[in-house]
file model-v5.cif (mmCIF, C-alpha atoms)
data_target
#
loop_
_atom_site.label_atom_id
_atom_site.label_comp_id
_atom_site.auth_asym_id
_atom_site.auth_seq_id
_atom_site.Cartn_x
_atom_site.Cartn_y
_atom_site.Cartn_z
CA MET A 1 -2.08 34.03 14.67
CA ALA A 2 -0.09 31.87 17.07
CA GLY A 3 -3.20 29.74 17.44
CA GLY A 4 -3.35 29.32 13.68
CA PHE A 5 0.25 28.13 13.57
CA ALA A 6 -0.40 25.66 16.43
CA ALA A 7 -3.54 24.36 14.72
CA GLY A 8 -1.62 24.00 11.46
CA GLU A 9 1.15 22.02 13.13
CA THR A 10 -1.32 19.59 14.73
CA ALA A 11 -3.37 19.24 11.55
CA PHE A 12 -0.43 18.53 9.26
CA ARG A 13 1.13 16.07 11.70
CA ASN A 14 -2.15 14.12 11.89
CA LEU A 15 -3.08 14.12 8.21
CA HIS A 16 -3.54 10.68 6.66
CA ARG A 17 -1.32 10.69 3.59
CA ALA A 18 -3.02 7.66 2.02
CA ARG A 19 -6.44 9.29 2.23
CA LEU A 20 -5.11 12.46 0.63
CA GLN A 21 -3.41 10.49 -2.14
CA ASN A 22 -6.65 8.66 -2.86
CA ARG A 23 -8.57 11.94 -3.06
CA ALA A 24 -5.87 13.48 -5.26
CA GLU A 25 -6.06 10.52 -7.65
CA ASN A 26 -9.80 11.12 -7.89
CA GLY A 27 -9.21 14.70 -9.03
CA ASP A 28 -9.34 16.62 -5.73
CA THR A 29 -7.06 19.63 -6.38
CA ARG A 30 -7.12 20.71 -2.72
CA ALA A 31 -5.72 17.34 -1.68
CA GLU A 32 -3.00 17.70 -4.33
CA SER A 33 -2.10 21.11 -2.86
CA LEU A 34 -1.80 19.67 0.65
CA LEU A 35 0.42 16.85 -0.60
CA ARG A 36 2.73 19.36 -2.29
CA LEU A 37 2.93 21.32 0.96
CA MET A 38 3.67 18.14 2.94
CA ALA A 39 6.51 17.32 0.55
CA HIS A 40 8.65 19.97 2.31
CA PRO A 41 8.32 19.07 6.00
CA GLN A 42 11.42 20.90 7.24
CA ARG A 43 10.48 24.18 5.59
CA LEU A 44 6.84 23.94 6.72
CA LEU A 45 7.57 23.08 10.35
CA SER A 46 10.33 25.69 10.57
CA THR A 47 7.88 28.31 9.30
CA ILE A 48 5.34 27.25 11.92
CA LEU A 49 7.91 27.39 14.73
CA VAL A 50 9.21 30.82 13.67
CA GLY A 51 5.67 32.12 13.23
CA LYS A 52 4.58 30.92 16.67
CA THR A 53 7.67 32.42 18.31
CA LEU A 54 7.21 35.82 16.66
CA CYS A 55 3.50 35.91 17.48
CA ARG A 56 4.06 35.04 21.13
CA ALA A 57 6.83 37.61 21.44
CA ALA A 58 4.55 40.24 19.93
CA ALA A 59 1.71 39.21 22.24
CA THR A 60 4.00 39.50 25.26
CA VAL A 61 5.17 42.97 24.25
CA LEU A 62 1.58 44.03 23.62
CA GLY A 63 0.49 42.69 26.99
CA VAL A 64 3.23 44.61 28.80
CA SER A 65 2.45 47.85 26.93
CA LEU A 66 -1.25 47.61 27.75
CA ALA A 67 -0.75 46.70 31.41
CA PRO A 68 -1.44 49.43 34.02
CA GLN A 69 1.70 51.16 35.32
CA SER A 70 0.77 50.18 38.86
CA TRP A 71 1.18 46.49 37.91
CA LEU A 72 4.62 47.09 36.46
CA GLN A 73 5.79 48.92 39.60
CA SER A 74 4.61 46.18 41.96
CA THR A 75 6.18 42.74 42.46
CA TRP A 76 2.79 41.08 42.84
CA GLY A 77 1.52 43.03 39.87
CA LEU A 78 4.35 41.67 37.71
CA VAL A 79 3.66 38.14 38.95
CA GLY A 80 -0.02 38.54 38.14
CA LEU A 81 0.78 39.96 34.70
CA ILE A 82 3.11 37.04 33.91
CA LEU A 83 0.53 34.47 35.07
CA LEU A 84 -2.28 36.15 33.14
CA THR A 85 -0.21 36.41 29.98
CA THR A 86 1.01 32.81 30.24
CA VAL A 87 -2.45 31.32 30.86
CA THR A 88 -4.03 33.40 28.10
CA LEU A 89 -1.34 32.56 25.55
CA PHE A 90 -1.34 28.88 26.48
CA THR A 91 -5.12 28.61 26.22
CA VAL A 92 -5.69 30.73 23.13
CA SER A 93 -2.58 29.82 21.14
CA GLU A 94 -2.10 26.17 22.12
CA VAL A 95 -4.89 24.24 23.85
CA LEU A 96 -7.95 25.42 21.91
CA PRO A 97 -6.38 25.47 18.41
CA ARG A 98 -4.76 22.06 18.83
CA ALA A 99 -8.01 20.56 20.16
CA LEU A 100 -9.89 21.95 17.17
CA ALA A 101 -7.27 20.67 14.72
CA ALA A 102 -7.31 17.21 16.30
CA ARG A 103 -11.08 16.94 15.85
CA ALA A 104 -11.24 18.36 12.30
CA THR A 105 -7.81 17.59 10.88
CA ASP A 106 -8.66 17.65 7.17
CA THR A 107 -10.82 20.78 7.40
CA VAL A 108 -8.23 22.76 9.37
CA ALA A 109 -5.45 21.72 6.99
CA LEU A 110 -7.48 22.78 3.96
CA VAL A 111 -8.36 26.15 5.53
CA LEU A 112 -4.74 26.86 6.51
CA ASP A 113 -3.18 25.65 3.25
CA ARG A 114 -2.95 29.05 1.51
CA PRO A 115 -2.20 31.12 4.67
CA LEU A 116 0.71 28.82 5.50
CA ARG A 117 2.04 29.10 1.95
CA LEU A 118 1.95 32.89 2.30
CA CYS A 119 3.74 32.68 5.66
CA MET A 120 6.37 30.40 4.14
CA PHE A 121 7.06 33.08 1.53
CA ILE A 122 7.12 36.00 4.02
CA LEU A 123 9.16 34.21 6.69
CA ALA A 124 11.57 32.59 4.24
CA PRO A 125 14.55 34.78 5.34
CA PHE A 126 13.98 33.96 9.02
CA VAL A 127 13.58 30.25 8.23
CA LYS A 128 16.78 30.30 6.18
CA LEU A 129 18.66 31.96 9.05
CA LEU A 130 17.21 29.43 11.49
CA SER A 131 18.34 26.55 9.28
CA ILE A 132 21.89 27.95 9.07
CA VAL A 133 22.12 28.40 12.86
CA THR A 134 20.49 25.14 13.93
CA GLY A 135 21.65 22.92 11.06
CA PRO A 136 25.02 21.93 12.62
CA PHE A 137 23.37 21.10 15.95
CA LEU A 138 20.68 18.99 14.28
CA ARG A 139 23.30 17.06 12.30
CA VAL A 140 25.34 16.37 15.46
CA LEU A 141 22.24 15.20 17.34
CA GLY A 142 21.03 13.18 14.36
CA ALA A 143 17.67 14.94 14.46
CA ASP A 144 15.44 15.08 11.41
CA PHE A 145 12.06 16.62 10.70
CA GLY A 146 11.16 13.47 8.78
CA GLN A 147 7.75 13.16 7.18
CA ILE A 148 4.59 15.06 8.04
CA GLY A 149 1.42 13.07 8.42
CA THR A 150 0.57 9.94 10.32
CA PRO A 151 1.80 6.51 9.18
CA TYR A 152 -0.63 4.36 7.28
CA THR A 153 -3.33 3.00 9.57
CA GLU A 154 -4.56 -0.56 9.34
CA GLU A 155 -7.83 0.58 7.80
CA GLU A 156 -5.97 2.59 5.15
CA ILE A 157 -3.85 -0.44 4.27
CA ARG A 158 -7.02 -2.52 3.90
CA THR A 159 -8.50 0.15 1.64
CA MET A 160 -5.38 0.33 -0.52
CA VAL A 161 -5.32 -3.46 -0.86
CA ASP A 162 -8.99 -3.52 -1.88
CA LEU A 163 -8.36 -0.77 -4.43
CA GLY A 164 -5.39 -2.74 -5.72
CA GLU A 165 -7.62 -5.76 -6.26
CA GLU A 166 -10.29 -3.68 -8.02
CA SER A 167 -7.69 -2.18 -10.35
CA GLY A 168 -6.16 -5.58 -11.13
CA VAL A 169 -2.80 -4.94 -9.44
CA LEU A 170 -3.50 -7.64 -6.83
CA ASP A 171 -5.38 -10.87 -7.31
CA ARG A 172 -7.96 -12.27 -4.88
CA GLU A 173 -5.51 -14.59 -3.12
CA GLU A 174 -3.02 -11.79 -2.46
CA THR A 175 -5.77 -9.57 -1.08
CA GLU A 176 -7.00 -12.29 1.27
CA LEU A 177 -3.44 -12.92 2.45
CA VAL A 178 -2.91 -9.27 3.41
CA HIS A 179 -6.28 -9.11 5.16
CA SER A 180 -5.46 -12.30 7.06
CA VAL A 181 -2.13 -10.89 8.24
CA LEU A 182 -3.80 -7.67 9.41
CA ALA A 183 -6.48 -9.59 11.30
CA PHE A 184 -4.02 -12.04 12.85
CA ASP A 185 -3.33 -10.03 16.01
CA GLU A 186 -7.06 -9.47 16.58
CA THR A 187 -8.07 -13.14 16.50
CA LEU A 188 -8.56 -15.12 19.70
CA VAL A 189 -7.67 -18.76 20.25
CA SER A 190 -11.38 -19.55 20.68
CA ALA A 191 -11.92 -18.69 17.00
CA VAL A 192 -9.39 -21.19 15.61
CA LEU A 193 -9.44 -24.12 18.03
CA THR A 194 -10.66 -27.62 17.27
CA PRO A 195 -13.61 -28.00 19.69
CA ARG A 196 -13.52 -30.72 22.30
CA VAL A 197 -16.32 -32.66 20.60
CA ASP A 198 -14.02 -33.11 17.57
CA MET A 199 -10.88 -33.96 19.55
CA VAL A 200 -9.35 -37.40 19.09
CA CYS A 201 -7.68 -38.46 22.36
CA THR A 202 -6.35 -41.55 24.08
CA PRO A 203 -6.65 -42.50 27.77
CA VAL A 204 -3.55 -42.48 29.94
CA GLU A 205 -3.84 -46.23 30.56
CA ALA A 206 -3.76 -47.06 26.82
CA THR A 207 -0.79 -49.03 25.51
CA LEU A 208 1.55 -47.93 22.75
CA ASP A 209 -0.14 -50.35 20.35
CA ASP A 210 -3.58 -48.94 21.22
CA ALA A 211 -2.45 -45.37 20.63
CA LEU A 212 -0.61 -46.30 17.43
CA ARG A 213 -3.69 -48.01 15.99
CA ARG A 214 -5.79 -44.96 16.83
CA MET A 215 -3.28 -42.65 15.16
CA VAL A 216 -3.24 -44.74 12.00
CA ALA A 217 -7.04 -44.91 11.92
CA GLU A 218 -7.50 -41.15 12.41
CA GLY A 219 -4.48 -39.98 10.40
CA TYR A 220 -2.87 -37.89 13.16
CA SER A 221 0.75 -37.72 14.30
CA ARG A 222 -0.10 -36.40 17.80
CA LEU A 223 -2.76 -37.33 20.32
CA PRO A 224 -3.76 -35.67 23.59
CA VAL A 225 -3.66 -38.05 26.56
CA PHE A 226 -6.41 -37.71 29.18
CA GLN A 227 -6.93 -39.04 32.69
CA ASP A 228 -10.39 -39.42 34.26
CA GLY A 229 -12.07 -37.64 31.36
CA ILE A 230 -11.26 -35.26 28.53
CA ASP A 231 -11.36 -32.26 30.87
CA HIS A 232 -8.09 -33.48 32.37
CA ILE A 233 -5.52 -33.58 29.56
CA VAL A 234 -2.23 -34.67 31.11
CA GLY A 235 0.04 -34.99 28.10
CA ILE A 236 0.66 -35.27 24.36
CA ILE A 237 1.94 -38.44 22.70
CA THR A 238 3.69 -38.14 19.31
CA LEU A 239 4.10 -40.71 16.56
CA LYS A 240 7.86 -40.20 16.55
CA ASP A 241 8.14 -40.97 20.28
CA MET A 242 5.98 -44.07 19.90
CA LEU A 243 8.04 -45.44 17.00
CA LEU A 244 11.24 -44.94 19.00
CA ALA A 245 9.61 -46.68 21.97
CA LYS A 246 8.45 -49.57 19.77
CA GLN A 247 11.95 -49.93 18.43
CA ALA A 248 13.27 -50.26 21.98
CA LYS A 249 10.38 -52.47 23.22
CA PRO A 250 8.73 -54.23 20.27
CA ASP A 251 5.94 -55.81 22.38
CA GLY A 252 4.10 -52.44 22.52
CA ASN A 253 2.43 -53.13 25.86
CA ALA A 254 3.98 -50.18 27.70
CA PRO A 255 1.48 -47.48 28.69
CA VAL A 256 1.59 -44.20 26.80
CA SER A 257 2.09 -42.36 30.10
CA PHE A 258 5.74 -43.46 30.03
CA TYR A 259 6.39 -41.64 26.74
CA MET A 260 3.97 -38.72 26.63
CA ARG A 261 5.18 -35.14 26.82
CA PRO A 262 3.65 -32.57 29.20
CA ALA A 263 0.59 -30.80 27.82
CA TYR A 264 0.79 -27.03 27.51
CA HIS A 265 -2.47 -25.26 28.41
CA VAL A 266 -3.59 -21.81 27.24
CA PRO A 267 -6.84 -19.87 27.83
CA GLU A 268 -9.30 -19.52 24.98
CA THR A 269 -9.15 -15.72 25.34
CA LYS A 270 -5.47 -15.59 24.32
CA ARG A 271 -4.61 -13.83 21.05
CA ILE A 272 -3.21 -16.14 18.39
CA ASP A 273 -0.25 -13.88 17.59
CA GLU A 274 0.90 -14.25 21.22
CA LEU A 275 0.28 -18.00 21.07
CA LEU A 276 2.33 -18.33 17.88
CA ARG A 277 5.30 -16.65 19.55
CA GLU A 278 4.95 -18.93 22.59
CA MET A 279 4.77 -22.05 20.44
CA GLN A 280 7.86 -20.96 18.52
CA LEU A 281 9.73 -20.23 21.74
CA ARG A 282 8.73 -23.50 23.42
CA ARG A 283 8.92 -25.54 20.20
CA LEU A 284 5.34 -26.75 20.52
CA GLN A 285 3.21 -28.21 17.76
CA MET A 286 0.00 -28.65 19.79
CA VAL A 287 -1.50 -26.91 22.82
CA VAL A 288 -4.60 -27.63 24.90
CA VAL A 289 -7.12 -24.81 25.24
CA SER A 290 -8.83 -24.44 28.63
CA ASP A 291 -12.12 -22.66 29.25
CA GLU A 292 -12.92 -20.29 32.10
CA TYR A 293 -13.98 -23.19 34.34
CA GLY A 294 -10.73 -25.10 33.93
CA GLY A 295 -12.20 -27.68 31.57
CA THR A 296 -11.00 -28.49 28.06
CA ALA A 297 -12.39 -26.21 25.37
CA GLY A 298 -10.39 -27.77 22.54
CA LEU A 299 -6.91 -27.82 21.08
CA VAL A 300 -4.85 -25.74 18.68
CA THR A 301 -2.00 -26.87 16.45
CA LEU A 302 0.69 -24.85 14.75
CA GLU A 303 -1.00 -25.69 11.45
CA ASP A 304 -4.23 -24.06 12.70
CA LEU A 305 -2.38 -20.80 13.31
CA LEU A 306 -0.62 -20.84 9.94
CA GLU A 307 -3.94 -21.51 8.19
CA GLU A 308 -5.23 -18.22 9.59
CA ILE A 309 -2.66 -16.51 7.37
CA VAL A 310 -2.27 -18.65 4.27
CA GLY A 311 -5.61 -20.44 4.23
CA GLU A 312 -6.41 -24.14 4.32
CA ILE A 313 -3.34 -26.40 4.31
CA ARG A 314 -3.97 -29.89 2.96
CA ASP A 315 -1.60 -32.80 3.27
CA GLU A 316 -1.68 -36.33 1.87
CA HIS A 317 -4.16 -37.41 4.56
CA ASP A 318 -6.72 -34.74 3.67
CA TYR A 319 -7.49 -35.95 0.14
CA ASP A 320 -11.02 -37.07 1.08
CA GLU A 321 -11.89 -33.97 3.08
CA GLN A 322 -14.24 -31.38 1.64
CA PRO A 323 -13.08 -27.76 1.81
CA PRO A 324 -14.89 -25.76 4.52
CA LEU A 325 -16.43 -23.44 1.92
CA VAL A 326 -17.68 -24.57 -1.49
CA ALA A 327 -19.11 -22.08 -3.98
CA VAL A 328 -22.41 -23.30 -5.45
CA ASP A 329 -22.92 -20.19 -7.54
CA GLU A 330 -21.97 -16.53 -7.33
CA ARG A 331 -24.57 -15.92 -4.59
CA THR A 332 -24.52 -19.23 -2.74
CA VAL A 333 -21.95 -21.20 -0.76
CA LEU A 334 -22.11 -24.49 1.13
CA VAL A 335 -20.07 -24.20 4.31
CA ASP A 336 -18.92 -26.27 7.23
CA ALA A 337 -20.89 -25.11 10.28
CA ARG A 338 -17.59 -24.60 12.13
CA LEU A 339 -16.46 -21.98 9.61
CA GLY A 340 -16.12 -18.45 10.92
CA VAL A 341 -18.84 -15.99 9.96
CA ASP A 342 -16.23 -13.47 8.84
CA GLU A 343 -15.09 -15.85 6.08
CA VAL A 344 -18.64 -16.08 4.76
CA ASN A 345 -18.93 -12.30 4.91
CA ASP A 346 -15.76 -11.99 2.84
CA ALA A 347 -16.81 -14.65 0.32
CA LEU A 348 -20.29 -13.25 -0.37
CA ARG A 349 -19.59 -9.59 0.50
CA VAL A 350 -22.36 -9.59 3.11
CA SER A 351 -22.61 -8.39 6.70
CA LEU A 352 -23.83 -11.21 8.90
CA PRO A 353 -23.67 -10.45 12.65
CA ASN A 354 -20.41 -11.14 14.43
CA SER A 355 -20.34 -14.72 15.67
CA GLN A 356 -17.59 -17.27 15.94
CA THR A 357 -19.09 -19.86 13.60
CA VAL A 358 -21.89 -20.18 11.08
CA GLY A 359 -23.42 -23.00 13.13
CA GLY A 360 -23.29 -20.84 16.23
CA LEU A 361 -25.06 -18.04 14.36
CA VAL A 362 -27.90 -20.38 13.37
CA PHE A 363 -28.19 -21.69 16.94
CA ASN A 364 -28.21 -18.20 18.45
CA THR A 365 -30.74 -16.88 15.95
CA LEU A 366 -33.18 -19.74 16.47
CA GLY A 367 -32.64 -20.01 20.22
CA ARG A 368 -32.98 -23.80 20.02
CA VAL A 369 -31.64 -26.87 18.25
CA PRO A 370 -32.35 -26.45 14.52
CA GLU A 371 -34.02 -29.06 12.35
CA LEU A 372 -32.78 -30.40 9.04
CA GLY A 373 -33.82 -28.07 6.22
CA GLU A 374 -34.73 -25.23 8.56
CA THR A 375 -34.02 -21.76 7.22
CA VAL A 376 -33.31 -18.41 8.84
CA ARG A 377 -32.88 -15.03 7.20
CA ILE A 378 -30.54 -12.39 8.58
CA ASN A 379 -29.54 -9.12 6.92
CA ASN A 380 -30.65 -10.17 3.43
CA VAL A 381 -28.89 -13.54 3.75
CA GLU A 382 -30.61 -16.93 3.91
CA LEU A 383 -29.03 -19.75 5.91
CA ARG A 384 -30.38 -23.28 5.46
CA VAL A 385 -29.38 -26.28 7.58
CA GLU A 386 -28.22 -28.91 5.07
CA GLN A 387 -26.73 -31.56 7.34
CA LEU A 388 -27.23 -32.53 10.99
CA GLU A 389 -25.43 -35.07 13.15
CA GLY A 390 -27.45 -35.55 16.31
CA ILE A 391 -27.96 -32.02 17.59
CA ARG A 392 -24.87 -30.65 15.83
CA VAL A 393 -25.16 -28.65 12.64
CA GLN A 394 -22.64 -29.97 10.11
CA LYS A 395 -23.37 -28.11 6.87
CA VAL A 396 -25.14 -24.83 6.13
CA ARG A 397 -26.12 -23.43 2.75
CA VAL A 398 -25.70 -19.65 2.72
CA HIS A 399 -27.49 -17.70 -0.01
CA LYS A 400 -27.28 -13.95 -0.62
CA LEU A 401 -30.73 -12.67 -1.56
CA ARG A 402 -31.08 -10.28 -4.47
CA THR A 403 -33.51 -7.77 -2.99
CA GLY A 404 -34.95 -6.84 0.38
CA THR A 405 -33.56 -7.10 3.86
CA VAL A 406 -35.08 -9.18 6.62
CA ASP A 407 -33.50 -8.55 9.99
CA LEU A 408 -35.66 -10.94 11.98
CA MET A 409 -35.66 -14.72 11.86
CA LEU A 410 -38.13 -16.20 9.37
CA MET A 411 -38.73 -19.93 9.62
CA ASP A 412 -40.29 -22.05 6.89
CA GLU A 413 -43.53 -22.67 8.78
CA ASP A 414 -43.93 -18.93 9.43
CA ARG A 415 -43.45 -18.24 5.73
CA ALA A 416 -46.11 -20.80 4.80
CA ALA A 417 -48.54 -19.31 7.30
CA ALA A 418 -47.90 -15.83 5.93
CA GLU A 419 -48.53 -16.95 2.35
CA GLY A 420 -51.82 -18.62 3.35
CA ALA A 421 -53.13 -15.57 5.18
CA PRO A 422 -55.85 -13.57 3.41
#
call {"tool": "encode", "arguments": {"input": "model-v5.cif", "output": "structure tokens"}}
result
Amino acid sequence: MAGGFAAGETAFRNLHRARLQNRAENGDTRAESLLRLMAHPQRLLSTILVGKTLCRAAATVLGVSLAPQSWLQSTWGLVGLILLTTVTLFTVSEVLPRALAARATDTVALVLDRPLRLCMFILAPFVKLLSIVTGPFLRVLGADFGQIGTPYTEEEIRTMVDLGEESGVLDREETELVHSVLAFDETLVSAVLTPRVDMVCTPVEATLDDALRRMVAEGYSRLPVFQDGIDHIVGIITLKDMLLAKQAKPDGNAPVSFYMRPAYHVPETKRIDELLREMQLRRLQMVVVSDEYGGTAGLVTLEDLLEEIVGEIRDEHDYDEQPPLVAVDERTVLVDARLGVDEVNDALRVSLPNSQTVGGLVFNTLGRVPELGETVRINNVELRVEQLEGIRVQKVRVHKLRTGTVDLMLMDEDRAAAEGAP
């Protein structure tokens, strides 16, 4: 019986309240019963503690009464009896029941629901006496039995949010916001950076006028400054600093190296939640991302990190930019090849393989540089290269097929050959 009490304690402490509530709402009466039992944590846990204590005391008395008299009359016999009783009680009434309850929490809780209710009724006088005796001490120590059951897990929160959207309590934007917040601490810098091929930089020997003209042409307020190549970023020049410098020296011939700020470098494997805290602490708006070889992988701005939570942020300079994902119809989207695969999965409710970008997924699937108009099929999804710039994929049309699943790559020429086969 002590093992049953121990298993019950572990099971009820590890129960997921959200999962039980969901089952209860769907008409599961057993889940409703467990929730009612969990509503009285102090009474339940006190019953379990009293029950375990009484059972162990009874087991000890039974062990002594059944022990040979020769053991009781010998010092070593008593030591052996104590060790045997302790090991047996610990194994049978603690280790094994708790291990079982940890592996099958819901099942154990459902099995022990009615027995524990019966024990709560039988042991009520003992529990009441225990509460009277220990109550003053608990109040002085500020102790509280609190709630039974584990806190909501991240997966349970996601499930509740999705259910809220399905029931109309939350709209799509609110759901995406919560999912973005939950995924924020799992995202690496490499997933949000602007790659080096898209970086707009200025050489260290450039003048203020050169850098200012480049800023105006590109629409940026900050530029990385490199020396001897883009893999050696030595600083960041800001529009504000340049305007102050121009006010002091109107000729604008001073090199940007006089006014640039030190560049802050981070590895591409850093989590973006850690990076956000660092940027807040150091008051940084832009950081340089370094790869494992010490070269420049790209850069990240504070706006990039905020967009991971709230979505695309557009300012007055972005009026001519196309959004990274455009819905063509309910089963098709046209996406920027730099868009993360997870965003396409969310938009079309599909399960494309984990990859940083849609363009990277096409490259990895083909194993070579794709051609314009080339198509691949993965997990019942068709990806078609819509725009190329050199060897870089710019736009990809993603279409969710209605029936069938093709796990292997299928190129257009292979399809034509298959159709022409007898």
call {"tool": "resolve_selection", "arguments": {"input": "model-v5.cif", "expression": "the PyMOL selection byres ((chain A and resi 279-285) around 6)", "output": "PyMOL selection string"}}
result
chain A and resi 276-278+286+301-302
call {"tool": "closest_residue", "arguments": {"input": "model-v5.cif", "among": "A:Val333, A:Ala347, A:Ala24, A:Ala183", "to": "Ile272 of chain A", "atoms": "all atoms listed in the file"}}
result
A:Ala183
call {"tool": "atom_distance", "arguments": {"input": "model-v5.cif", "atom1": "atom CA of Val381 of chain A", "atom2": "atom CA of Val362 of chain A"}}
result
11.8 Å
call {"tool": "closest_residue", "arguments": {"input": "model-v5.cif", "among": "A:Ile237, A:Met215, A:Leu348, A:Leu45", "to": "Arg331 of chain A", "atoms": "only C-alpha atoms"}}
result
A:Leu348
call {"tool": "atom_distance", "arguments": {"input": "model-v5.cif", "atom1": "atom CA of Glu274 of chain A", "atom2": "atom CA of Ala337 of chain A"}}
result
26.7 Å
call {"tool": "resolve_selection", "arguments": {"input": "model-v5.cif", "expression": "the PyMOL selection byres ((chain A and resi 105) around 10)", "output": "list of chain:residue names"}}
result
A:Ala7, A:Gly8, A:Thr10, A:Ala11, A:Phe12, A:Arg13, A:Asn14, A:Leu15, A:His16, A:Arg98, A:Ala99, A:Leu100, A:Ala101, A:Ala102, A:Arg103, A:Ala104, A:Asp106, A:Thr107, A:Val108, A:Ala109, A:Leu110
call {"tool": "resolve_selection", "arguments": {"input": "model-v5.cif", "expression": "the PyMOL selection byres ((chain A and resi 200) around 10)", "output": "list in words"}}
result
Arg196, Val197, Asp198, Met199, Cys201, Thr202, Arg214, Met215, Glu218, Tyr220, Arg222, Leu223, Pro224, Val225 and Ile230 of chain A
call {"tool": "atom_distance", "arguments": {"input": "model-v5.cif", "atom1": "atom CA of Thr47 of chain A", "atom2": "atom CA of Thr85 of chain A"}}
result
23.6 Å
call {"tool": "residues_around", "arguments": {"input": "model-v5.cif", "residues": "segment 59-64 of chain A", "least_positions_apart": "2", "cutoff": "10 Å", "atoms": "only C-alpha atoms", "output": "CSV table (one decimal) with C-alpha atoms, in the coordinates of the input"}}
result
chain,number,residue,atom,x,y,z
A,1,MET,CA,-2.1,34.0,14.7
A,2,ALA,CA,-0.1,31.9,17.1
A,53,THR,CA,7.7,32.4,18.3
A,54,LEU,CA,7.2,35.8,16.7
A,55,CYS,CA,3.5,35.9,17.5
A,56,ARG,CA,4.1,35.0,21.1
A,57,ALA,CA,6.8,37.6,21.4
A,66,LEU,CA,-1.2,47.6,27.8
A,67,ALA,CA,-0.8,46.7,31.4
A,68,PRO,CA,-1.4,49.4,34.0
A,69,GLN,CA,1.7,51.2,35.3
A,71,TRP,CA,1.2,46.5,37.9
A,72,LEU,CA,4.6,47.1,36.5
A,78,LEU,CA,4.4,41.7,37.7
A,81,LEU,CA,0.8,40.0,34.7
A,82,ILE,CA,3.1,37.0,33.9
A,84,LEU,CA,-2.3,36.2,33.1
A,85,THR,CA,-0.2,36.4,30.0
A,86,THR,CA,1.0,32.8,30.2
A,89,LEU,CA,-1.3,32.6,25.6
call {"tool": "closest_residue", "arguments": {"input": "model-v5.cif", "among": "A:Glu330, A:Glu389, A:Leu208, A:Gly311", "to": "Glu174 of chain A", "atoms": "all atoms listed in the file"}}
result
A:Gly311
call {"tool": "closest_residue", "arguments": {"input": "model-v5.cif", "among": "A:Glu292, A:Glu307, A:Glu382, A:Glu205", "to": "Val256 of chain A", "atoms": "only C-alpha atoms"}}
result
A:Glu205
call {"tool": "closest_residue", "arguments": {"input": "model-v5.cif", "among": "A:Leu83, A:Asp241, A:Leu37, A:Glu9", "to": "Leu49 of chain A", "atoms": "only C-alpha atoms"}}
result
A:Glu9
call {"tool": "closest_residue", "arguments": {"input": "model-v5.cif", "among": "A:Glu32, A:Val181, A:Ser74, A:Phe5", "to": "Ile48 of chain A", "atoms": "all atoms listed in the file"}}
result
A:Phe5
call {"tool": "residues_around", "arguments": {"input": "model-v5.cif", "residues": "Val385 of chain A", "least_positions_apart": "5", "cutoff": "10 Å", "atoms": "only C-alpha atoms", "output": "JSON, numbers by chain"}}
result
{"A": [334, 337, 359, 362, 370, 371, 372, 373, 374, 375, 376, 393, 394, 395, 396, 397, 398]}
call {"tool": "residues_around", "arguments": {"input": "model-v5.cif", "residues": "Ser180 of chain A", "least_positions_apart": "4", "cutoff": "7 Å", "atoms": "all atoms listed in the file", "output": "ChimeraX atom specification"}}
result
/A:176,184,308-309
